[in-house]
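**Student:** Input data-v2.pdb, format and content: PDB, C-alpha atoms.
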```pdb
ATOM      1  CA  MET A   2      49.558 -40.117 157.213
ATOM      2  CA  ALA A   3      49.769 -38.057 154.025
ATOM      3  CA  GLU A   4      50.223 -39.758 150.698
ATOM      4  CA  ARG A   5      52.990 -38.418 148.478
ATOM      5  CA  ILE A   6      52.208 -37.105 144.970
ATOM      6  CA  THR A   7      54.931 -35.905 142.612
ATOM      7  CA  SER A   8      53.322 -36.031 139.158
ATOM      8  CA  SER A   9      51.193 -33.222 137.731
ATOM      9  CA  GLN A  10      49.257 -35.910 135.865
ATOM     10  CA  ASN A  11      48.085 -37.551 139.075
ATOM     11  CA  SER A  12      44.343 -38.218 138.953
ATOM     12  CA  LEU A  13      43.632 -36.281 142.165
ATOM     13  CA  LEU A  14      45.384 -33.158 140.875
ATOM     14  CA  GLN A  15      43.600 -33.435 137.527
ATOM     15  CA  HIS A  16      40.319 -33.740 139.414
ATOM     16  CA  ILE A  17      41.069 -30.579 141.412
ATOM     17  CA  ARG A  18      41.914 -28.650 138.231
ATOM     18  CA  ARG A  19      38.564 -29.572 136.725
ATOM     19  CA  LEU A  20      36.776 -28.559 139.917
ATOM     20  CA  GLN A  21      38.543 -25.197 139.722
ATOM     21  CA  THR A  22      37.395 -24.452 136.194
ATOM     22  CA  SER A  23      34.019 -26.114 135.620
ATOM     23  CA  ARG A  24      30.759 -25.424 137.452
ATOM     24  CA  ALA A  25      29.144 -28.347 135.644
ATOM     25  CA  TYR A  26      31.897 -30.675 136.885
ATOM     26  CA  ARG A  27      31.557 -29.355 140.448
ATOM     27  CA  GLU A  28      27.837 -30.051 140.392
ATOM     28  CA  GLU A  29      28.356 -33.453 138.758
ATOM     29  CA  CYS A  30      30.822 -34.450 141.489
ATOM     30  CA  ASP A  31      29.037 -32.603 144.316
ATOM     31  CA  GLU A  32      32.401 -31.124 145.287
ATOM     32  CA  PHE A  33      34.173 -27.757 145.243
ATOM     33  CA  VAL A  34      37.658 -26.342 145.841
ATOM     34  CA  ALA A  35      39.087 -23.709 148.178
ATOM     35  CA  ASP A  36      42.629 -22.417 148.579
ATOM     36  CA  GLY A  37      44.533 -21.225 151.645
ATOM     37  CA  PHE A  38      45.005 -21.919 155.348
ATOM     38  CA  LYS A  39      42.531 -19.298 156.554
ATOM     39  CA  LEU A  40      39.720 -20.867 154.544
ATOM     40  CA  LEU A  41      40.778 -24.341 155.671
ATOM     41  CA  GLU A  42      40.538 -23.226 159.299
ATOM     42  CA  GLU A  43      37.054 -21.842 158.655
ATOM     43  CA  ALA A  44      35.983 -25.065 156.940
ATOM     44  CA  CYS A  45      37.309 -27.181 159.809
ATOM     45  CA  LYS A  46      35.442 -25.023 162.304
ATOM     46  CA  TRP A  47      32.106 -24.592 160.542
ATOM     47  CA  TYR A  48      31.674 -27.007 157.645
ATOM     48  CA  PRO A  49      31.260 -30.754 158.229
ATOM     49  CA  HIS A  50      31.910 -31.853 154.639
ATOM     50  CA  LEU A  51      35.691 -31.527 154.202
ATOM     51  CA  LYS A  52      36.935 -34.242 151.836
ATOM     52  CA  THR A  53      40.517 -33.818 150.609
ATOM     53  CA  VAL A  54      43.498 -31.648 151.586
ATOM     54  CA  VAL A  55      46.561 -31.165 149.380
ATOM     55  CA  ILE A  56      49.521 -29.506 151.102
ATOM     56  CA  SER A  57      52.970 -28.348 150.042
ATOM     57  CA  GLU A  58      55.877 -30.226 151.572
ATOM     58  CA  GLY A  59      57.116 -28.578 154.754
ATOM     59  CA  GLU A  60      53.761 -26.997 155.652
ATOM     60  CA  THR A  61      51.883 -27.890 158.843
ATOM     61  CA  LEU A  62      48.216 -28.789 158.831
ATOM     62  CA  PRO A  63      45.641 -28.042 161.530
ATOM     63  CA  ALA A  64      43.854 -30.973 163.126
ATOM     64  CA  LEU A  65      41.630 -32.660 160.544
ATOM     65  CA  PRO A  66      38.834 -35.222 160.778
ATOM     66  CA  SER A  67      40.125 -38.768 160.347
ATOM     67  CA  SER A  68      37.971 -39.217 157.237
ATOM     68  CA  VAL A  69      39.845 -36.511 155.280
ATOM     69  CA  ARG A  70      42.244 -37.635 152.562
ATOM     70  CA  VAL A  71      45.603 -35.827 152.834
ATOM     71  CA  ALA A  72      48.202 -35.571 150.071
ATOM     72  CA  GLU A  73      51.584 -33.841 150.065
ATOM     73  CA  ILE A  74      53.112 -32.377 146.905
ATOM     74  CA  PRO A  75      56.320 -30.447 146.067
ATOM     75  CA  SER A  76      55.979 -26.654 146.344
ATOM     76  CA  SER A  77      56.738 -26.349 142.619
ATOM     77  CA  LEU A  78      53.697 -28.482 141.889
ATOM     78  CA  MET A  79      51.552 -26.372 144.225
ATOM     79  CA  HIS A  80      52.493 -23.295 142.159
ATOM     80  CA  SER A  81      51.071 -24.965 139.061
ATOM     81  CA  LEU A  82      47.976 -26.240 140.882
ATOM     82  CA  SER A  83      46.984 -23.120 142.790
ATOM     83  CA  SER A  84      45.160 -20.318 140.978
ATOM     84  CA  MET A  85      46.648 -17.742 143.360
ATOM     85  CA  LYS A  86      49.636 -15.630 142.318
ATOM     86  CA  THR A  87      51.302 -16.473 145.617
ATOM     87  CA  PRO A  88      50.098 -19.912 146.739
ATOM     88  CA  GLN A  89      49.657 -20.344 150.474
ATOM     89  CA  GLY A  90      50.599 -24.003 150.398
ATOM     90  CA  VAL A  91      47.274 -25.747 150.786
ATOM     91  CA  ILE A  92      44.292 -26.557 148.573
ATOM     92  CA  PHE A  93      41.301 -28.530 149.746
ATOM     93  CA  THR A  94      37.970 -29.857 148.536
ATOM     94  CA  CYS A  95      34.591 -30.078 150.223
ATOM     95  CA  ALA A  96      31.317 -31.739 149.347
ATOM     96  CA  LEU A  97      28.688 -29.331 148.086
ATOM     97  CA  PRO A  98      25.877 -28.749 150.569
ATOM     98  CA  LYS A  99      22.751 -30.768 149.985
ATOM     99  CA  ARG A 100      20.372 -28.893 147.697
ATOM    100  CA  GLU A 101      17.218 -28.220 149.677
ATOM    101  CA  THR A 102      14.018 -26.304 149.042
ATOM    102  CA  ALA A 103      14.626 -22.650 149.827
ATOM    103  CA  GLU A 104      12.953 -21.198 152.895
ATOM    104  CA  ILE A 105      11.653 -17.909 151.502
ATOM    105  CA  ARG A 106      10.728 -15.478 154.246
ATOM    106  CA  GLU A 107      10.828 -11.884 155.357
ATOM    107  CA  GLY A 108      14.177 -10.198 155.862
ATOM    108  CA  MET A 109      15.983 -11.909 152.978
ATOM    109  CA  LEU A 110      18.268 -10.479 150.323
ATOM    110  CA  LEU A 111      17.486 -11.699 146.799
ATOM    111  CA  LEU A 112      20.283 -11.529 144.219
ATOM    112  CA  ASP A 113      19.092 -11.404 140.617
ATOM    113  CA  ARG A 114      21.536 -12.413 137.846
ATOM    114  CA  LEU A 115      24.612 -11.312 139.791
ATOM    115  CA  GLN A 116      27.483 -12.433 137.574
ATOM    116  CA  ASP A 117      30.725 -11.344 139.227
ATOM    117  CA  PRO A 118      32.080 -13.968 141.662
ATOM    118  CA  GLY A 119      34.012 -11.318 143.590
ATOM    119  CA  ASN A 120      30.868  -9.259 144.156
ATOM    120  CA  LEU A 121      28.893 -12.355 145.107
ATOM    121  CA  GLY A 122      31.524 -13.483 147.600
ATOM    122  CA  THR A 123      31.730 -10.026 149.153
ATOM    123  CA  ILE A 124      27.937  -9.875 149.513
ATOM    124  CA  LEU A 125      27.872 -13.312 151.143
ATOM    125  CA  ARG A 126      30.568 -12.165 153.576
ATOM    126  CA  THR A 127      28.583  -9.038 154.474
ATOM    127  CA  ALA A 128      25.321 -10.982 154.761
ATOM    128  CA  ASP A 129      27.004 -13.403 157.147
ATOM    129  CA  ALA A 130      28.171 -10.471 159.281
ATOM    130  CA  PHE A 131      24.629  -9.048 159.467
ATOM    131  CA  ASP A 132      22.985 -12.488 159.755
ATOM    132  CA  ILE A 133      20.843 -11.893 156.677
ATOM    133  CA  PRO A 134      19.881 -14.952 154.587
ATOM    134  CA  VAL A 135      20.714 -14.724 150.885
ATOM    135  CA  LEU A 136      18.601 -16.121 148.061
ATOM    136  CA  LEU A 137      20.039 -16.588 144.561
ATOM    137  CA  THR A 138      17.933 -16.705 141.415
ATOM    138  CA  ASN A 139      18.031 -16.068 137.667
ATOM    139  CA  GLY A 140      21.472 -17.385 136.814
ATOM    140  CA  CYS A 141      23.703 -15.905 139.510
ATOM    141  CA  ALA A 142      27.393 -16.777 139.613
ATOM    142  CA  ASP A 143      28.294 -20.031 141.332
ATOM    143  CA  PRO A 144      28.531 -19.436 145.101
ATOM    144  CA  PHE A 145      30.980 -22.342 145.269
ATOM    145  CA  SER A 146      33.417 -21.274 142.594
ATOM    146  CA  GLU A 147      36.936 -20.833 143.918
ATOM    147  CA  LYS A 148      36.808 -17.044 143.401
ATOM    148  CA  THR A 149      33.484 -16.679 145.208
ATOM    149  CA  VAL A 150      34.580 -18.810 148.149
ATOM    150  CA  ARG A 151      37.781 -16.766 148.473
ATOM    151  CA  ALA A 152      35.933 -13.435 148.301
ATOM    152  CA  SER A 153      33.459 -14.651 150.923
ATOM    153  CA  MET A 154      36.349 -15.180 153.378
ATOM    154  CA  GLY A 155      34.760 -18.445 154.451
ATOM    155  CA  ALA A 156      31.210 -17.143 154.825
ATOM    156  CA  VAL A 157      29.929 -19.938 152.569
ATOM    157  CA  PHE A 158      31.096 -22.430 155.196
ATOM    158  CA  ARG A 159      29.073 -20.675 157.912
ATOM    159  CA  THR A 160      25.937 -19.547 156.092
ATOM    160  CA  VAL A 161      25.047 -21.433 152.914
ATOM    161  CA  PRO A 162      23.157 -19.289 150.357
ATOM    162  CA  GLN A 163      19.843 -20.664 149.106
ATOM    163  CA  ARG A 164      18.677 -20.930 145.506
ATOM    164  CA  ALA A 165      15.194 -20.839 143.992
ATOM    165  CA  GLU A 166      13.434 -20.352 140.677
ATOM    166  CA  LEU A 167      12.009 -16.872 140.229
ATOM    167  CA  SER A 168       8.477 -18.192 139.671
ATOM    168  CA  ASP A 169       8.626 -19.985 143.028
ATOM    169  CA  VAL A 170       9.908 -16.863 144.771
ATOM    170  CA  LEU A 171       7.083 -14.722 143.421
ATOM    171  CA  ARG A 172       4.437 -17.333 144.219
ATOM    172  CA  ILE A 173       5.600 -17.821 147.803
ATOM    173  CA  CYS A 174       5.876 -14.069 148.390
ATOM    174  CA  ARG A 175       2.264 -13.700 147.279
ATOM    175  CA  GLU A 176       1.109 -16.588 149.456
ATOM    176  CA  LYS A 177       2.955 -15.337 152.552
ATOM    177  CA  GLU A 178       2.263 -11.668 151.787
ATOM    178  CA  ILE A 179       5.965 -10.820 151.830
ATOM    179  CA  ARG A 180       6.667  -7.368 150.459
ATOM    180  CA  ILE A 181       9.176  -7.342 147.589
ATOM    181  CA  THR A 182      11.357  -4.244 147.537
ATOM    182  CA  ALA A 183      13.551  -3.642 144.492
ATOM    183  CA  THR A 184      16.554  -1.337 144.378
ATOM    184  CA  ALA A 185      16.256   0.558 141.111
ATOM    185  CA  LEU A 186      17.203   3.794 139.386
ATOM    186  CA  SER A 187      13.672   4.886 138.593
ATOM    187  CA  GLU A 188      11.588   8.032 139.002
ATOM    188  CA  CYS A 189       9.149   6.304 141.344
ATOM    189  CA  ALA A 190      11.859   4.946 143.646
ATOM    190  CA  ALA A 191      11.745   6.145 147.254
ATOM    191  CA  ASP A 192      14.785   7.191 149.288
ATOM    192  CA  LEU A 193      16.388   4.253 151.096
ATOM    193  CA  ARG A 194      17.084   6.438 154.142
ATOM    194  CA  GLN A 195      13.379   6.870 154.871
ATOM    195  CA  ALA A 196      12.330   3.271 154.239
ATOM    196  CA  ASP A 197      11.719   0.493 156.742
ATOM    197  CA  ILE A 198      12.820  -2.676 154.955
ATOM    198  CA  ARG A 199      13.463  -4.932 157.936
ATOM    199  CA  ASN A 200      10.609  -7.276 157.021
ATOM    200  CA  ASP A 201      10.970  -7.152 153.235
ATOM    201  CA  LEU A 202      12.512  -9.382 150.626
ATOM    202  CA  VAL A 203      14.971  -6.911 149.096
ATOM    203  CA  VAL A 204      16.302  -7.365 145.562
ATOM    204  CA  ILE A 205      19.757  -6.442 144.246
ATOM    205  CA  GLY A 206      20.181  -6.739 140.474
ATOM    206  CA  SER A 207      23.054  -7.659 138.199
ATOM    207  CA  GLU A 208      26.043  -5.382 137.779
ATOM    208  CA  GLY A 209      25.295  -4.398 134.198
ATOM    209  CA  GLN A 210      21.569  -4.935 133.657
ATOM    210  CA  GLY A 211      20.005  -4.260 137.044
ATOM    211  CA  ILE A 212      16.873  -6.123 138.089
ATOM    212  CA  CYS A 213      14.959  -8.114 135.497
ATOM    213  CA  GLN A 214      11.669  -6.672 134.239
ATOM    214  CA  ARG A 215       9.589  -9.480 135.721
ATOM    215  CA  LEU A 216      10.912  -8.779 139.213
ATOM    216  CA  LEU A 217      10.504  -5.038 138.802
ATOM    217  CA  GLU A 218       6.870  -5.467 137.781
ATOM    218  CA  ALA A 219       6.236  -7.854 140.680
ATOM    219  CA  SER A 220       7.860  -5.593 143.273
ATOM    220  CA  ASP A 221       5.648  -3.777 145.761
ATOM    221  CA  ARG A 222       7.923  -0.774 145.837
ATOM    222  CA  GLN A 223      11.270   0.475 144.563
ATOM    223  CA  LEU A 224      14.075   2.147 146.461
ATOM    224  CA  ILE A 225      17.062   4.215 145.440
ATOM    225  CA  ILE A 226      20.328   4.829 147.278
ATOM    226  CA  PRO A 227      20.878   8.607 147.196
ATOM    227  CA  MET A 228      24.180   9.715 145.669
ATOM    228  CA  GLN A 229      25.707  12.575 143.717
ATOM    229  CA  PRO A 230      23.942  13.169 140.365
ATOM    230  CA  ARG A 231      27.270  12.819 138.553
ATOM    231  CA  CYS A 232      27.508   9.174 139.659
ATOM    232  CA  GLU A 233      25.554   6.643 137.640
ATOM    233  CA  SER A 234      25.544   3.696 140.048
ATOM    234  CA  LEU A 235      27.312   1.845 142.851
ATOM    235  CA  ASN A 236      29.181  -1.435 142.756
ATOM    236  CA  ALA A 237      26.684  -4.231 143.466
ATOM    237  CA  ALA A 238      28.523  -5.386 146.589
ATOM    238  CA  VAL A 239      28.642  -1.834 147.981
ATOM    239  CA  ALA A 240      24.951  -1.276 147.239
ATOM    240  CA  ALA A 241      24.086  -4.577 148.895
ATOM    241  CA  ALA A 242      26.089  -3.646 151.997
ATOM    242  CA  LEU A 243      24.183  -0.365 152.387
ATOM    243  CA  VAL A 244      20.872  -2.131 151.885
ATOM    244  CA  MET A 245      21.692  -4.889 154.365
ATOM    245  CA  TRP A 246      22.673  -2.388 157.034
ATOM    246  CA  LYS A 247      19.294  -0.738 156.549
ATOM    247  CA  MET A 248      17.595  -4.140 156.728
ATOM    248  CA  LYS A 249      18.992  -4.607 160.231
ATOM    249  CA  TYR A 250      18.866  -1.078 161.696
TER     250      TYR A 250
END
```
Turn this file's structure into structure tokens for me.

**Tutor:**
Amino acid sequence: MAERITSSQNSLLQHIRRLQTSRAYREECDEFVADGFKLLEEACKWYPHLKTVVISEGETLPALPSSVRVAEIPSSLMHSLSSMKTPQGVIFTCALPKRETAEIREGMLLLDRLQDPGNLGTILRTADAFDIPVLLTNGCADPFSEKTVRASMGAVFRTVPQRAELSDVLRICREKEIRITATALSECAADLRQADIRNDLVVIGSEGQGICQRLLEASDRQLIIPMQPRCESLNAAVAAALVMWKMKY
């Protein structure tokens, strides 16, 4: 049975607000927030760590595990709690996945300093569709921020991205003889259309700065996505989608 909450100062609602705004708090509590029924359905189907569900009065919940805490609030309070312009009527929290040592192998996509949560979420969604594991390094955006989770359309519940220090990535690639392929706007870059990258670790750089110098120097080769000379670059999520398609076919 759902508990009833009517005060915006309730400790649970204050906790959710902090989870929404602070990566440090999310990591301290080992918990993150998502918003909307579609994401809740995905979490119920794929993710075993659902913790708390807050629903607007009058809304109907899907079947939930008995261990999940459920709270009902007035719709006016949901409007102040939700970060969406048009709240869907449900917000929920999940435990963060256990941090494990990354399994670095061939056929991975490495994201270097990717800062935009929308781009990150879109890339995770595409990677899930192509079944390509994603590795985050060098200060990427939080894959479990509310914006990233929303942009991923629930992909983070199905395929959890891995994280690793750059020094570990480079060391393991050397030990396993994994070819590092960097996407870069350089004179020595080869045309993506003619490259076989199915067994590579392929790097996508940050939106504004590209790939860091250390990764560029460590790469075995560089690739460029051909485009009109008048265009400077592609959105990181679009570039990643093209690269991932090539990694599979």

**Student:** Residues picked by the PyMOL selection byres ((chain A and resi 80-95) around 6) here, as number ranges by chain?

**Tutor:** A: 32-37, 50-57, 77-79, 96

**Student:** Taking the file as shown, find all residues satisfying the PyMOL selection byres ((chain A and resi 207) around 12) and write them as a PyMOL selection string.

**Tutor:** chain A and resi 111-118+120-121+137-142+184-185+204-206+208-213+234-238+240-241

**Student:** Could you check which of A:Leu186, A:Asp31, A:Ala130, A:Thr22 is closest to Glu233 in chain A, using only C-alpha atoms?

**Tutor:**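 Smallest separation from Glu233 in chain A among the options: A:Leu186.
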
**Student:** So that I can check the surroundings of Gly119 in chain A, please list as a list in words every protein, DNA and RNA residue that reaches within 9 Å of it, counting only C-alpha atoms and ignoring chain neighbours fewer than 6 positions away.

**Tutor:**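 Here the qualifying residues turn out to be Lys148, Thr149, Val150, Arg151, Ala152, Ser153 and Ala238 of chain A.
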
**Student:** Those selected residues, please, written with C-alpha atoms and delivered as an mmCIF file, in the coordinates of the input.

**Tutor:**
```
data_model
loop_
_atom_site.group_PDB
_atom_site.id
_atom_site.type_symbol
_atom_site.label_atom_id
_atom_site.label_comp_id
_atom_site.auth_asym_id
_atom_site.auth_seq_id
_atom_site.Cartn_x
_atom_site.Cartn_y
_atom_site.Cartn_z
ATOM 1 C CA LYS A 148 36.808 -17.044 143.401
ATOM 2 C CA THR A 149 33.484 -16.679 145.208
ATOM 3 C CA VAL A 150 34.580 -18.810 148.149
ATOM 4 C CA ARG A 151 37.781 -16.766 148.473
ATOM 5 C CA ALA A 152 35.933 -13.435 148.301
ATOM 6 C CA SER A 153 33.459 -14.651 150.923
ATOM 7 C CA ALA A 238 28.523 -5.386 146.589
#
```

**Student:** If I put a ball of radius 10 Å at (9.5, -15.0, 158.2) in the file's coordinates, which residues poke into it when counting all atoms listed in the file, written as a ChimeraX atom specification?

**Tutor:** /A:104-109,177,179,200-202

**Student:** Keeping C-alpha atoms for every residue in the selection just given, could you write it to a file as a PDB file, in the coordinates of the input?

**Tutor:**
```pdb
ATOM      1  CA  GLU A 104      12.953 -21.198 152.895  1.00  0.00           C
ATOM      2  CA  ILE A 105      11.653 -17.909 151.502  1.00  0.00           C
ATOM      3  CA  ARG A 106      10.728 -15.478 154.246  1.00  0.00           C
ATOM      4  CA  GLU A 107      10.828 -11.884 155.357  1.00  0.00           C
ATOM      5  CA  GLY A 108      14.177 -10.198 155.862  1.00  0.00           C
ATOM      6  CA  MET A 109      15.983 -11.909 152.978  1.00  0.00           C
ATOM      7  CA  LYS A 177       2.955 -15.337 152.552  1.00  0.00           C
ATOM      8  CA  ILE A 179       5.965 -10.820 151.830  1.00  0.00           C
ATOM      9  CA  ASN A 200      10.609  -7.276 157.021  1.00  0.00           C
ATOM     10  CA  ASP A 201      10.970  -7.152 153.235  1.00  0.00           C
ATOM     11  CA  LEU A 202      12.512  -9.382 150.626  1.00  0.00           C
TER      12      LEU A 202
END
```

**Student:** Calculated over only C-alpha atoms, which of the candidates A:Leu62, A:Leu110, A:Leu40, A:Ile6 has the smallest distance to Trp246 in chain A?

**Tutor:**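 Going through A:Leu62, A:Leu110, A:Leu40, A:Ile6 one by one, the smallest distance to Trp246 in chain A is for A:Leu110.
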
**Student:** Adding 8 Å on each side of the box along x, y and z that holds all listed atoms of range 119-136 of chain A, could you give its centre and edge lengths in Å to one decimal, as lines of an AutoDock Vina configuration file?

**Tutor:**
```
center_x = 26.3
center_y = -12.6
center_z = 151.7
size_x = 31.4
size_y = 23.1
size_z = 32.2
```

**Student:** Quick one: residues within 9 Å of Pro227 in chain A, only C-alpha atoms, excluding same-chain residues fewer than 5 positions away - as a ChimeraX atom specification?

**Tutor:** /A:192-194

**Student:** Which of these, A:Leu136, A:Leu97, A:Ile124, A:Ala196, has the shortest distance to Arg27 in chain A once you count all atoms listed in the file?

**Tutor:**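 Closest residue, counting all atoms listed in the file: A:Leu97.
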
**Student:** Which one of A:Ile225, A:Leu65, A:Ala219, A:Met2 sits closest to Val244 in chain A if you count all atoms listed in the file?

**Tutor:** A:Ile225

**Student:** Could you work out how far CA of Trp47 in chain A lies from CA of Ala64 in chain A, giving the answer in Å with one decimal?

**Tutor:** 13.6 Å

**Student:** What does the distance from CA of Arg180 in chain A to CA of Leu125 in chain A come to in Å, to one decimal?

**Tutor:**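 So the two atoms, CA of Arg180 in chain A and CA of Leu125 in chain A, lie 22.0 Å apart.
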
**Student:** Can you work out the spacing between CA of Cys30 in chain A and CA of Gln10 in chain A in Å, to one decimal?

**Tutor:**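 CA of Gln10 in chain A lies 19.3 Å from CA of Cys30 in chain A.
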
**Student:** On this structure, the PyMOL selection byres ((chain A and resi 250) around 10) would catch which residues? List them as a PyMOL selection string, sorted by chain and number.

**Tutor:** chain A and resi 197-199+245-249

**Student:** Take the residues from that selection and write them out as a CSV table (one decimal), in the coordinates of the input, keeping C-alpha atoms.

**Tutor:**
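Everything below was put into result02.csv:
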```csv
chain,number,residue,atom,x,y,z
A,197,ASP,CA,11.7,0.5,156.7
A,198,ILE,CA,12.8,-2.7,155.0
A,199,ARG,CA,13.5,-4.9,157.9
A,245,MET,CA,21.7,-4.9,154.4
A,246,TRP,CA,22.7,-2.4,157.0
A,247,LYS,CA,19.3,-0.7,156.5
A,248,MET,CA,17.6,-4.1,156.7
A,249,LYS,CA,19.0,-4.6,160.2
```

**Student:** Kindly provide, as a list in words, the polymer residues lying within 9 Å of (10.5, 4.7, 141.3), counting only C-alpha atoms and using the coordinates exactly as they appear in the file.

**Tutor:**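 The answer, in the requested form, is Ala185, Leu186, Ser187, Glu188, Cys189, Ala190, Ala191, Arg222, Gln223, Leu224 and Ile225 of chain A.
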